[in-house]
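Taking it in order: structure first as structure tokens, then the write-up.
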Amino acid sequence: MSVDFEYCVLGAGVVGSAVAYMLARNGSSVVLLEQFEFGHERGSSHGETRITRYSYDLPLYVRMAKRAYPLWQELCNESGASLFLKTGGIDLDEEEGCRIASCIQSLQQESIPYEELDALEIRRRFPQFHIPGHTRGLYQADTGILNATLCVKSLQEQATKHRAKLFEHSPVVKIEFESKHVKLTTPSSKFKVRKLVITAGGWAGPLLQGLGVKLPLEVTQEQYAYFRPLKPELFRPDRFPVFIHYGGVGSGGIGWYGFPQFGFDGVKSSIHKTGKIVTAEKRDFQVDEVQLEQLAELMTELLPDAAGEIVHSNTCLYTNTPDTHFVIDHLPGRENAVFFTGCSGHAFKFGMVLAEMLISLLNKENAIVPLDMFSCKRAFLSPQ
């Protein structure tokens, strides 16, 4: 079968699904190809919870968040689905830590309201935390939870409503570039399109390398767990915020993070970027018991009233760049093909914005933020 479309999107995670939705909503003909079933749990866009927040130590990400919030609300309005739960959020750091100071500067620059809290005020407002006296906090009221699986499902449903064509179990086995078209072959179909968007998640590295883009991407298998709180009334979303603790045992600036009760009747928590290096094809899906015990110890120390039995745990993939920033660019010499990769564990909240940025780049329109920081030509330096 040969089908002609203006656009093809490879990969139906949050970014790819958002690209298909936005293009179709604007009247373009688009096909979205997913190698597995829609909503699968092999990648990075499944699960009940993702943090959405303004609090970032770079103003560019704050600007992206300012765009992301209304885009998610538009999807809520159009789909009728309840995708977002506002809980407020608190960032925690040691007194000498510089991350919160950088976040405050970024929020001030972008005119986002916030509260700076000392340890006494944190304990008064959120007695669930058992923190040392030198802890400092940053509270931002608009932080909340995106239901990841429901967000992706809603994007796909609305894309279909706007006449996009979505195909699951359709791995692309061949990509051929012609002067004005791209030909794509799956085991059952052939597609000819004018423009191509690649959002392949943990599979991006090998795919892009075959198309002339070799990036220092590292795929890791991360994990999280839900704890049944000993005092559940203290951890309802109206009483307990999303939290991020900088420093500590994790990497990439964030040590430990978590959510109020939301899904699986428990408090979700995870240690950031401590998973083993894997490949998307060969990861084992097995929860690491040593890391799970380390997480349970953290919960017992700092959130003891939440540290009940583990009711659920699971794994997911991070596709990391050395500097933790995303990659958005053209394929070399291909003005009609763009790609996104390098989610680095913090892309979901920006999924709709990243889709806009990819479409803008592909169609030579002005992006909402400068794309230089996300170019594949930048020097990949370790984060400070």
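Within each chain, counting starts at residue 1; across the structure tokens, chains are named A, B, ... in the order shown, with ligands numbered 1 upward in that order.
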Check stretch 136-376 of chain A with DSSP on the backbone and list each residue it calls alpha helix (DSSP H), as a PyMOL selection string.
chain A and resi 148-161+204-209+289-302+351-362
Requested write-out: C-alpha atoms of the selected residues, as a PDB file, in the first residue's frame:
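Below is the file result.pdb, written as the result:
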```pdb
ATOM      1  CA  ALA A 148       1.148  10.910  31.433  1.00  0.00           C
ATOM      2  CA  THR A 149      -0.725   7.958  29.937  1.00  0.00           C
ATOM      3  CA  LEU A 150      -3.968   9.927  29.729  1.00  0.00           C
ATOM      4  CA  CYS A 151      -2.182  12.922  28.170  1.00  0.00           C
ATOM      5  CA  VAL A 152      -0.710  10.791  25.381  1.00  0.00           C
ATOM      6  CA  LYS A 153      -4.014   8.979  24.816  1.00  0.00           C
ATOM      7  CA  SER A 154      -5.859  12.311  24.588  1.00  0.00           C
ATOM      8  CA  LEU A 155      -3.337  13.689  22.087  1.00  0.00           C
ATOM      9  CA  GLN A 156      -3.781  10.624  19.913  1.00  0.00           C
ATOM     10  CA  GLU A 157      -7.575  10.712  20.151  1.00  0.00           C
ATOM     11  CA  GLN A 158      -7.705  14.367  19.209  1.00  0.00           C
ATOM     12  CA  ALA A 159      -5.209  13.855  16.386  1.00  0.00           C
ATOM     13  CA  THR A 160      -7.521  11.156  15.019  1.00  0.00           C
ATOM     14  CA  LYS A 161     -10.510  13.431  15.445  1.00  0.00           C
ATOM     15  CA  ALA A 204      16.640   7.548  18.642  1.00  0.00           C
ATOM     16  CA  GLY A 205      20.385   6.970  18.916  1.00  0.00           C
ATOM     17  CA  PRO A 206      20.738   4.038  16.491  1.00  0.00           C
ATOM     18  CA  LEU A 207      18.053   5.416  14.175  1.00  0.00           C
ATOM     19  CA  LEU A 208      19.692   8.835  13.934  1.00  0.00           C
ATOM     20  CA  GLN A 209      23.163   7.365  13.535  1.00  0.00           C
ATOM     21  CA  GLU A 289      16.159  -4.143  44.778  1.00  0.00           C
ATOM     22  CA  VAL A 290      19.227  -2.295  46.095  1.00  0.00           C
ATOM     23  CA  GLN A 291      17.996   1.012  44.675  1.00  0.00           C
ATOM     24  CA  LEU A 292      14.516   0.244  45.979  1.00  0.00           C
ATOM     25  CA  GLU A 293      15.914  -0.238  49.480  1.00  0.00           C
ATOM     26  CA  GLN A 294      17.869   3.016  49.163  1.00  0.00           C
ATOM     27  CA  LEU A 295      14.661   4.828  48.221  1.00  0.00           C
ATOM     28  CA  ALA A 296      12.796   3.254  51.146  1.00  0.00           C
ATOM     29  CA  GLU A 297      15.521   4.464  53.511  1.00  0.00           C
ATOM     30  CA  LEU A 298      15.169   8.011  52.180  1.00  0.00           C
ATOM     31  CA  MET A 299      11.427   7.863  52.688  1.00  0.00           C
ATOM     32  CA  THR A 300      11.833   6.575  56.241  1.00  0.00           C
ATOM     33  CA  GLU A 301      14.307   9.333  57.076  1.00  0.00           C
ATOM     34  CA  LEU A 302      12.621  12.343  55.479  1.00  0.00           C
ATOM     35  CA  GLY A 351       5.774  17.879  25.268  1.00  0.00           C
ATOM     36  CA  MET A 352       3.328  20.282  23.627  1.00  0.00           C
ATOM     37  CA  VAL A 353       5.917  23.079  23.438  1.00  0.00           C
ATOM     38  CA  LEU A 354       8.545  20.784  21.972  1.00  0.00           C
ATOM     39  CA  ALA A 355       6.008  19.810  19.312  1.00  0.00           C
ATOM     40  CA  GLU A 356       5.497  23.469  18.457  1.00  0.00           C
ATOM     41  CA  MET A 357       9.243  23.996  18.277  1.00  0.00           C
ATOM     42  CA  LEU A 358       9.729  21.046  15.930  1.00  0.00           C
ATOM     43  CA  ILE A 359       6.945  22.241  13.646  1.00  0.00           C
ATOM     44  CA  SER A 360       8.359  25.775  13.646  1.00  0.00           C
ATOM     45  CA  LEU A 361      11.828  24.499  12.767  1.00  0.00           C
ATOM     46  CA  LEU A 362      10.501  22.280  10.003  1.00  0.00           C
TER      47      LEU A 362
END
```
Atom CA of A:Gly97 to atom CA of A:Gly308 measures 30.0 Å
May I have a table of the residues of stretch 7-52 of chain A lying at most 10 Å from stretch 277-285 of chain A, giving each one's closest pair of atoms and their distance in Å to one decimal, counting only C-alpha atoms, ordered by chain and ascending residue number, as a Markdown table?
```
| residue | atom | partner | partner_atom | distance |
| --- | --- | --- | --- | --- |
| A:Glu41 | CA | A:Phe285 | CA | 9.8 |
| A:Arg42 | CA | A:Ala280 | CA | 7.8 |
| A:Gly43 | CA | A:Ala280 | CA | 7.7 |
```
With N, CA and C atoms kept, could you save the residues just selected as an mmCIF file, in the first residue's frame?
```cif
data_model
loop_
_atom_site.group_PDB
_atom_site.id
_atom_site.type_symbol
_atom_site.label_atom_id
_atom_site.label_comp_id
_atom_site.auth_asym_id
_atom_site.auth_seq_id
_atom_site.Cartn_x
_atom_site.Cartn_y
_atom_site.Cartn_z
ATOM 1 N N GLU A 41 4.464 0.418 27.498
ATOM 2 C CA GLU A 41 5.266 0.794 28.670
ATOM 3 C C GLU A 41 6.752 0.514 28.460
ATOM 4 N N ARG A 42 7.208 0.494 27.218
ATOM 5 C CA ARG A 42 8.615 0.224 26.945
ATOM 6 C C ARG A 42 9.471 1.484 26.925
ATOM 7 N N GLY A 43 8.845 2.656 26.903
ATOM 8 C CA GLY A 43 9.584 3.888 26.692
ATOM 9 C C GLY A 43 9.547 4.842 27.864
#
```
Please identify all polymer residues within 12 Å of A:Leu371, counting only C-alpha atoms, omitting same-chain residues fewer than 5 positions from it, and present them as a short mmCIF file (atom, residue, chain, number, x, y, z; two decimals) with C-alpha atoms, in the first residue's frame.
```cif
data_model
loop_
_atom_site.label_atom_id
_atom_site.label_comp_id
_atom_site.auth_asym_id
_atom_site.auth_seq_id
_atom_site.Cartn_x
_atom_site.Cartn_y
_atom_site.Cartn_z
CA LEU A 60 14.58 29.58 28.88
CA TYR A 61 12.88 26.60 30.51
CA MET A 64 8.85 27.15 27.80
CA HIS A 325 19.46 19.66 27.57
CA PHE A 326 17.29 18.47 24.69
CA VAL A 327 18.34 18.10 21.06
CA ILE A 328 16.11 19.65 18.38
CA ASP A 329 17.55 19.99 14.90
CA HIS A 330 17.43 19.14 11.22
CA PHE A 340 13.92 15.52 18.84
CA LEU A 354 8.55 20.78 21.97
CA GLU A 356 5.50 23.47 18.46
CA MET A 357 9.24 24.00 18.28
CA LEU A 358 9.73 21.05 15.93
CA SER A 360 8.36 25.78 13.65
CA LEU A 361 11.83 24.50 12.77
CA GLU A 365 8.75 29.75 11.36
CA ASN A 366 9.80 31.71 14.43
CA CYS A 376 23.03 19.00 17.79
CA LYS A 377 26.15 21.02 16.94
CA ARG A 378 26.63 22.38 20.45
#
```
Please list as a VMD selection string every residue within 10 Å of A:Lys231, counting only C-alpha atoms and excluding residues in the same chain fewer than 3 positions away.
chain A and resid 128 228 234 to 236 304 to 308
Would you return as number ranges by chain the members of stretch 76-227 of chain A that DSSP assigns to strand (DSSP E) on this structure's backbone?
A: 84-86, 89-94, 115-118, 135-140, 144-146, 165-167, 174-177, 182-185, 190-198, 218-227
Using only C-alpha atoms, which residues sit within 10 Å of A:Lys174 once same-chain residues fewer than 5 positions away are excluded, as a list of chain:residue names?
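Non-adjacent residues within range: A:Lys183, A:Leu184, A:Thr185, A:Thr186, A:Pro187, A:Lys190.
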Kindly save the residues from that selection, with C-alpha atoms included, as a compact mmCIF listing (two decimals), in the first residue's frame.
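Contents of the output file result-v8.txt:
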```txt
# COMPACT_ATOMS: atom_id res chain seq x y z
CA LYS A 183 9.76 7.31 1.38
CA LEU A 184 9.17 5.16 4.46
CA THR A 185 8.65 1.43 4.50
CA THR A 186 7.05 -0.64 7.27
CA PRO A 187 6.50 -4.42 7.15
CA LYS A 190 4.84 2.21 2.17
```
Best match for closeness to A:Gly27 among A:Ala164, A:Val267, A:Leu331, A:Val182, counting only C-alpha atoms
A:Ala164
Let me make sure I understand: among A:Thr49, A:Ser17, A:Gln223, A:Ser344, which one has the smallest atom-to-atom distance to A:Lys165 if we use only C-alpha atoms?
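Smallest separation from A:Lys165 among the options: A:Ser17.
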Contacts of A:Ile90 at 8 Å (only C-alpha atoms; same-chain gap of 5+ positions) as a list in words
Gly137, Leu138, Tyr139, Gln140, Pro241, Val242, Phe243 and Ile244 of chain A
Which one is closest to A:Phe264: A:Lys276, A:Arg239, A:His312, A:Arg67? Count only C-alpha atoms.
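Among the listed residues, the smallest separation from A:Phe264 belongs to A:His312.
Considering only C-alpha atoms, the residue among A:Asp91, A:Asp372, A:Glu176, A:Glu74 positioned nearest to A:Trp256 is A:Asp91.
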When distances are computed from only C-alpha atoms, which of A:Glu95, A:Glu110, A:Asp4, A:Glu115 shows the smallest separation from A:Gly133?
A:Glu95
Ranking A:Met22, A:Arg334, A:Leu92, A:Leu215 by minimum distance to A:His134 and counting only C-alpha atoms, which one comes first?
A:Leu92
